[in-house]
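The next block is final_10.txt, given as compact mmCIF, C-alpha atoms.
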```txt
# COMPACT_ATOMS: atom_id res chain seq x y z
CA MET N 166 7.35 -1.33 3.46
CA THR N 167 4.30 -3.42 4.25
CA ASP N 168 2.91 -6.17 2.04
CA THR N 169 -0.22 -4.06 1.64
CA GLN N 170 1.75 -1.09 0.32
CA ILE N 171 3.69 -3.35 -2.03
CA SER N 172 0.40 -4.75 -3.33
CA ILE N 173 -0.83 -1.20 -3.92
CA ASN N 174 2.40 -0.34 -5.74
CA VAL N 175 2.07 -3.46 -7.89
CA ALA N 176 -1.48 -2.50 -8.88
CA LYS N 177 -0.40 1.08 -9.70
CA ALA N 178 2.54 -0.14 -11.77
CA ARG N 179 0.30 -2.51 -13.75
CA GLU N 180 -2.29 0.21 -14.31
CA ALA N 181 0.42 2.64 -15.45
CA MET N 182 1.31 0.10 -18.14
CA HIS N 183 -2.37 -0.12 -19.14
CA LEU N 184 -2.38 -3.84 -18.51
CA THR N 185 -5.34 -5.79 -17.20
CA GLN N 186 -4.94 -8.17 -14.30
CA GLU N 187 -5.43 -11.01 -16.75
CA GLU N 188 -2.66 -9.76 -19.04
CA MET N 189 -0.24 -9.42 -16.12
CA ALA N 190 -1.24 -12.86 -14.83
CA ASN N 191 -0.49 -14.35 -18.24
CA VAL N 192 2.97 -12.75 -18.27
CA LEU N 193 3.65 -14.18 -14.81
CA GLY N 194 2.24 -17.58 -15.71
CA ILE N 195 -0.44 -17.54 -12.99
CA SER N 196 -4.23 -17.33 -13.03
CA ARG N 197 -6.02 -13.98 -13.09
CA GLN N 198 -7.60 -14.85 -9.76
CA ALA N 199 -4.22 -15.59 -8.20
CA TYR N 200 -2.86 -12.31 -9.54
CA GLY N 201 -5.92 -10.41 -8.29
CA ASN N 202 -5.32 -11.87 -4.84
CA LEU N 203 -1.72 -10.59 -5.02
CA GLU N 204 -2.91 -7.05 -5.74
CA ARG N 205 -5.50 -7.18 -2.96
CA GLY N 206 -2.87 -8.41 -0.49
CA LYS N 207 -4.73 -11.67 0.09
CA THR N 208 -1.72 -13.65 -1.09
CA THR N 209 1.89 -12.85 -0.30
CA LEU N 210 3.92 -11.78 -3.29
CA LEU N 211 6.69 -14.21 -3.94
CA ASN N 212 10.22 -12.90 -4.32
CA LYS N 213 10.43 -14.39 -7.82
CA GLN N 214 7.29 -12.53 -8.94
CA LEU N 215 8.38 -9.07 -7.82
CA PRO N 216 11.43 -8.77 -10.11
CA ARG N 217 9.36 -10.01 -13.07
CA ILE N 218 6.57 -7.52 -12.34
CA ALA N 219 9.14 -4.70 -12.06
CA GLU N 220 10.71 -5.79 -15.35
CA VAL N 221 7.36 -5.93 -17.16
CA CYS N 222 6.41 -2.50 -15.82
CA GLY N 223 9.80 -1.01 -16.68
CA ILE N 224 10.57 0.14 -13.13
CA SER N 225 13.16 -0.79 -10.56
CA LEU N 226 12.45 -3.34 -7.88
CA ASP N 227 13.02 -0.57 -5.30
CA LYS N 228 10.32 1.57 -6.89
CA LEU N 229 7.93 -1.36 -7.03
CA CYS N 230 8.48 -2.32 -3.40
CA MET N 231 9.11 1.03 -1.77
CA GLY N 232 7.36 3.45 -4.10
CA TYR N 233 10.59 5.23 -5.02
CA ASP N 234 14.05 4.43 -6.33
CA THR N 235 16.65 4.26 -3.57
CA ASN N 236 19.56 4.75 -5.96
CA LEU N 237 18.46 8.09 -7.43
CA ASN N 238 20.92 10.93 -7.57
CA PRO N 239 20.12 14.09 -5.57
CA GLU N 240 18.56 15.83 -8.59
CA LYS N 241 16.26 12.89 -9.25
CA LEU N 242 15.35 12.68 -5.57
CA GLN N 243 14.53 16.39 -5.59
CA GLU N 244 12.38 15.88 -8.68
CA GLU N 245 10.63 12.91 -7.04
CA LEU N 246 10.03 14.95 -3.88
CA LYS N 247 8.61 17.83 -5.91
CA GLU N 248 6.29 15.46 -7.79
CA ARG N 249 5.04 13.84 -4.59
CA THR N 250 4.54 17.26 -2.97
CA GLN N 251 2.47 18.36 -5.96
CA GLN N 252 0.41 15.17 -5.70
CA LEU N 253 -0.22 15.83 -2.00
CA GLU N 254 -1.15 19.45 -2.69
CA TYR N 255 -3.55 18.33 -5.42
CA SER N 256 -5.06 15.76 -3.06
CA GLU N 257 -5.48 18.42 -0.37
CA ARG N 258 -7.19 20.79 -2.83
CA GLU N 259 -9.50 17.98 -3.94
CA ARG N 260 -10.29 17.17 -0.30
CA GLU N 261 -11.10 20.83 0.35
CA LYS N 262 -13.37 20.95 -2.72
CA MET N 263 -15.16 17.82 -1.56
CA GLN N 264 -15.53 19.33 1.92
CA LEU N 265 -17.14 22.44 0.43
CA LYS N 266 -19.48 20.32 -1.67
CA LEU N 267 -20.41 18.30 1.40
CA GLU N 268 -21.11 21.45 3.39
CA GLY N 269 -23.30 22.73 0.54
CA LEU N 270 -25.20 19.45 0.44
CA GLU N 271 -25.66 19.55 4.20
CA GLN N 272 -27.07 23.07 3.96
CA THR N 273 -29.43 21.98 1.16
CA LEU N 274 -30.52 18.98 3.19
CA HIS N 275 -31.16 21.16 6.24
CA SER N 276 -33.16 23.63 4.14
CA GLN N 277 -35.21 20.82 2.60
CA GLN N 278 -35.84 19.33 6.03
CA GLU N 279 -37.13 22.70 7.23
CA HIS N 280 -39.38 22.85 4.18
CA ILE N 281 -40.69 19.34 4.89
CA ASP N 282 -41.35 20.30 8.51
CA SER N 283 -43.27 23.39 7.34
CA LEU N 284 -45.36 21.26 4.98
CA ARG N 285 -46.10 18.80 7.78
CA ASN N 286 -47.25 21.66 10.03
CA LEU N 287 -49.39 23.04 7.22
CA THR N 288 -50.90 19.60 6.62
CA THR N 289 -51.71 19.30 10.32
CA ILE N 290 -53.40 22.72 10.32
CA LEU N 291 -55.38 21.92 7.15
CA ASN N 292 -56.49 18.57 8.55
CA TYR N 293 -57.60 20.28 11.76
CA HIS N 294 -59.66 22.84 9.83
CA LEU N 295 -61.18 20.17 7.61
CA GLU N 296 -62.20 18.10 10.61
CA ASN N 297 -63.74 21.13 12.37
CA ARG N 298 -65.49 22.27 9.21
CA GLU N 299 -67.29 18.96 8.88
CA LYS N 300 -68.61 19.09 12.45
```
Any chance you could give the structure as C-alpha cells?
Amino acid sequence: MTDTQISINVAKAREAMHLTQEEMANVLGISRQAYGNLERGKTTLLNKQLPRIAEVCGISLDKLCMGYDTNLNPEKLQEELKERTQQLEYSEREREKMQLKLEGLEQTLHSQQEHIDSLRNLTTILNYHLENREK
C-alpha cells in the first residue's frame, strides 16, 4: 500500500467519524496544518500516529493502511467483496450517466454553434444589403 493510499484511507476514516481535520489533529496532539499535510500525503505518517488514528476511528490498523481487514473470516471477506463490487458498479453507473450528460451538452453546444454561424451569415447578408442600399 502506498503512502498516498494510506493518506486517502486516513481522510476517509476521519470523515466517516464526522470529525474535522482540526478535531483529529487535537486528538493526535498536532496542529491542524500538520494533520492536513498528513492527509494530503505531503508529510509521511508516523507509525505512532497510525494506530492512534485507527483507534479513534474505531477500525483496525489493517483497514486503515490497506483499506480492508486482513484477518476477516471468509464470510466477512465475501461481504466486503460484495460491498466493494456494489461501489464499483455504482461508480460505473455514475460514470455512464455523466458520459450521457456530456454527450448531450456536446450536442447542445454543436447546435448552438450552428445557430451562431447562421446568425453570422445572416448578419453578413444584412450588412451587404444595407451597404448596397445606401449606394
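A straight line drawn from atom CA of N:Gly232 to atom CA of N:Arg205 is 16.7 Å long.
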**OP:** Please measure the separation of atom CA of N:Leu287 and atom CA of N:Leu274, giving the value in Å to one decimal.
**Re:**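 Going from atom CA of N:Leu287 over to atom CA of N:Leu274 covers 19.7 Å.
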**OP:** Would you mind listing what lies within 7 Å of N:Glu204 as a list in words, with only C-alpha atoms counted and same-chain residues fewer than 3 positions away left out?
**Re:**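 Listing them by chain and then by number gives Ser172, Ile173, Val175, Ala176, Tyr200 and Gly201 of chain N.
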Would you export the selected residues with C-alpha atoms as a CSV table (one decimal), in the frame of the given file, please?
```csv
chain,number,residue,atom,x,y,z
N,172,SER,CA,0.4,-4.8,-3.3
N,173,ILE,CA,-0.8,-1.2,-3.9
N,175,VAL,CA,2.1,-3.5,-7.9
N,176,ALA,CA,-1.5,-2.5,-8.9
N,200,TYR,CA,-2.9,-12.3,-9.5
N,201,GLY,CA,-5.9,-10.4,-8.3
```
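When all atoms listed in the file are used to measure the gap to N:Pro216, the shortest distance among N:Lys262, N:Lys241, N:Lys228, N:His275 belongs to N:Lys228.
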Subject >> Within 12 Å of N:Val192 using all atoms listed in the file, minus same-chain residues under 4 positions, as a list of chain:residue names >> reply: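 Using all atoms listed in the file, the neighbours found are N:Arg179, N:Leu184, N:Thr185, N:Gln186, N:Glu187, N:Glu188, N:Ser196, N:Arg197, N:Tyr200, N:Gln214, N:Arg217, N:Ile218, N:Ala219, N:Glu220, N:Val221, N:Cys222.
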**OP:** Report the distance between atom CA of N:His183 and atom CA of N:Gln170 in Å, rounded to one decimal place.
**Re:** 19.9 Å
Original post:
Hey, which of N:Thr273, N:Ser283, N:Asp168, N:Tyr233 ends up closest to N:Leu246? Count all atoms listed in the file.
Top reply: N:Tyr233
For stretch 222-255 of chain N, where the input has fewer atoms than it should, I would like N, CA and C atoms rebuilt and written as a CSV table (one decimal), in the frame of the given file.
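Result saved to out26.csv:
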```
chain,number,residue,atom,x,y,z
N,222,CYS,N,6.9,-3.9,-16.0
N,222,CYS,CA,6.4,-2.5,-15.8
N,222,CYS,C,7.5,-1.5,-16.1
N,223,GLY,N,8.7,-1.9,-16.3
N,223,GLY,CA,9.8,-1.0,-16.7
N,223,GLY,C,10.2,-0.1,-15.5
N,224,ILE,N,10.1,-0.6,-14.3
N,224,ILE,CA,10.6,0.1,-13.1
N,224,ILE,C,11.5,-0.7,-12.3
N,225,SER,N,12.2,-0.1,-11.4
N,225,SER,CA,13.2,-0.8,-10.6
N,225,SER,C,12.4,-1.6,-9.5
N,226,LEU,N,13.0,-2.6,-9.0
N,226,LEU,CA,12.4,-3.3,-7.9
N,226,LEU,C,12.2,-2.4,-6.6
N,227,ASP,N,13.2,-1.5,-6.4
N,227,ASP,CA,13.0,-0.6,-5.3
N,227,ASP,C,11.7,0.2,-5.5
N,228,LYS,N,11.5,0.8,-6.7
N,228,LYS,CA,10.3,1.6,-6.9
N,228,LYS,C,9.1,0.7,-6.7
N,229,LEU,N,9.1,-0.5,-7.2
N,229,LEU,CA,7.9,-1.4,-7.0
N,229,LEU,C,7.6,-1.6,-5.6
N,230,CYS,N,8.7,-1.9,-4.8
N,230,CYS,CA,8.5,-2.3,-3.4
N,230,CYS,C,8.3,-1.1,-2.5
N,231,MET,N,9.1,-0.1,-2.7
N,231,MET,CA,9.1,1.0,-1.8
N,231,MET,C,8.4,2.3,-2.3
N,232,GLY,N,8.1,2.3,-3.5
N,232,GLY,CA,7.4,3.4,-4.1
N,232,GLY,C,8.3,4.5,-4.6
N,233,TYR,N,9.6,4.3,-4.5
N,233,TYR,CA,10.6,5.2,-5.0
N,233,TYR,C,11.9,4.5,-5.2
N,234,ASP,N,12.7,5.0,-6.1
N,234,ASP,CA,14.0,4.4,-6.3
N,234,ASP,C,15.0,4.9,-5.2
N,235,THR,N,15.7,3.9,-4.6
N,235,THR,CA,16.6,4.3,-3.6
N,235,THR,C,18.0,4.7,-4.1
N,236,ASN,N,18.3,4.4,-5.4
N,236,ASN,CA,19.6,4.8,-6.0
N,236,ASN,C,19.5,6.0,-6.9
N,237,LEU,N,18.5,6.9,-6.6
N,237,LEU,CA,18.5,8.1,-7.4
N,237,LEU,C,19.5,9.1,-7.0
N,238,ASN,N,20.0,9.9,-7.9
N,238,ASN,CA,20.9,10.9,-7.6
N,238,ASN,C,20.1,12.1,-6.9
N,239,PRO,N,20.8,13.0,-6.3
N,239,PRO,CA,20.1,14.1,-5.6
N,239,PRO,C,19.1,14.9,-6.4
N,240,GLU,N,19.5,15.1,-7.7
N,240,GLU,CA,18.6,15.8,-8.6
N,240,GLU,C,17.3,15.0,-8.8
N,241,LYS,N,17.4,13.8,-9.0
N,241,LYS,CA,16.3,12.9,-9.2
N,241,LYS,C,15.4,12.8,-8.0
N,242,LEU,N,16.1,12.7,-6.8
N,242,LEU,CA,15.4,12.7,-5.6
N,242,LEU,C,14.6,14.0,-5.4
N,243,GLN,N,15.2,15.1,-5.7
N,243,GLN,CA,14.5,16.4,-5.6
N,243,GLN,C,13.3,16.4,-6.5
N,244,GLU,N,13.5,15.9,-7.7
N,244,GLU,CA,12.4,15.9,-8.7
N,244,GLU,C,11.2,15.0,-8.2
N,245,GLU,N,11.6,13.8,-7.6
N,245,GLU,CA,10.6,12.9,-7.0
N,245,GLU,C,9.9,13.6,-5.9
N,246,LEU,N,10.6,14.3,-5.0
N,246,LEU,CA,10.0,15.0,-3.9
N,246,LEU,C,9.1,16.0,-4.4
N,247,LYS,N,9.5,16.8,-5.4
N,247,LYS,CA,8.6,17.8,-5.9
N,247,LYS,C,7.3,17.2,-6.5
N,248,GLU,N,7.5,16.1,-7.2
N,248,GLU,CA,6.3,15.5,-7.8
N,248,GLU,C,5.3,15.0,-6.7
N,249,ARG,N,5.9,14.3,-5.7
N,249,ARG,CA,5.0,13.8,-4.6
N,249,ARG,C,4.4,15.0,-3.8
N,250,THR,N,5.1,16.1,-3.6
N,250,THR,CA,4.5,17.3,-3.0
N,250,THR,C,3.4,17.8,-3.8
N,251,GLN,N,3.5,17.9,-5.1
N,251,GLN,CA,2.5,18.4,-6.0
N,251,GLN,C,1.3,17.4,-5.9
N,252,GLN,N,1.5,16.1,-5.8
N,252,GLN,CA,0.4,15.2,-5.7
N,252,GLN,C,-0.3,15.4,-4.4
N,253,LEU,N,0.4,15.6,-3.3
N,253,LEU,CA,-0.2,15.8,-2.0
N,253,LEU,C,-1.0,17.1,-2.0
N,254,GLU,N,-0.4,18.2,-2.6
N,254,GLU,CA,-1.2,19.4,-2.7
N,254,GLU,C,-2.4,19.3,-3.5
N,255,TYR,N,-2.4,18.6,-4.6
N,255,TYR,CA,-3.6,18.3,-5.4
N,255,TYR,C,-4.6,17.6,-4.6
```
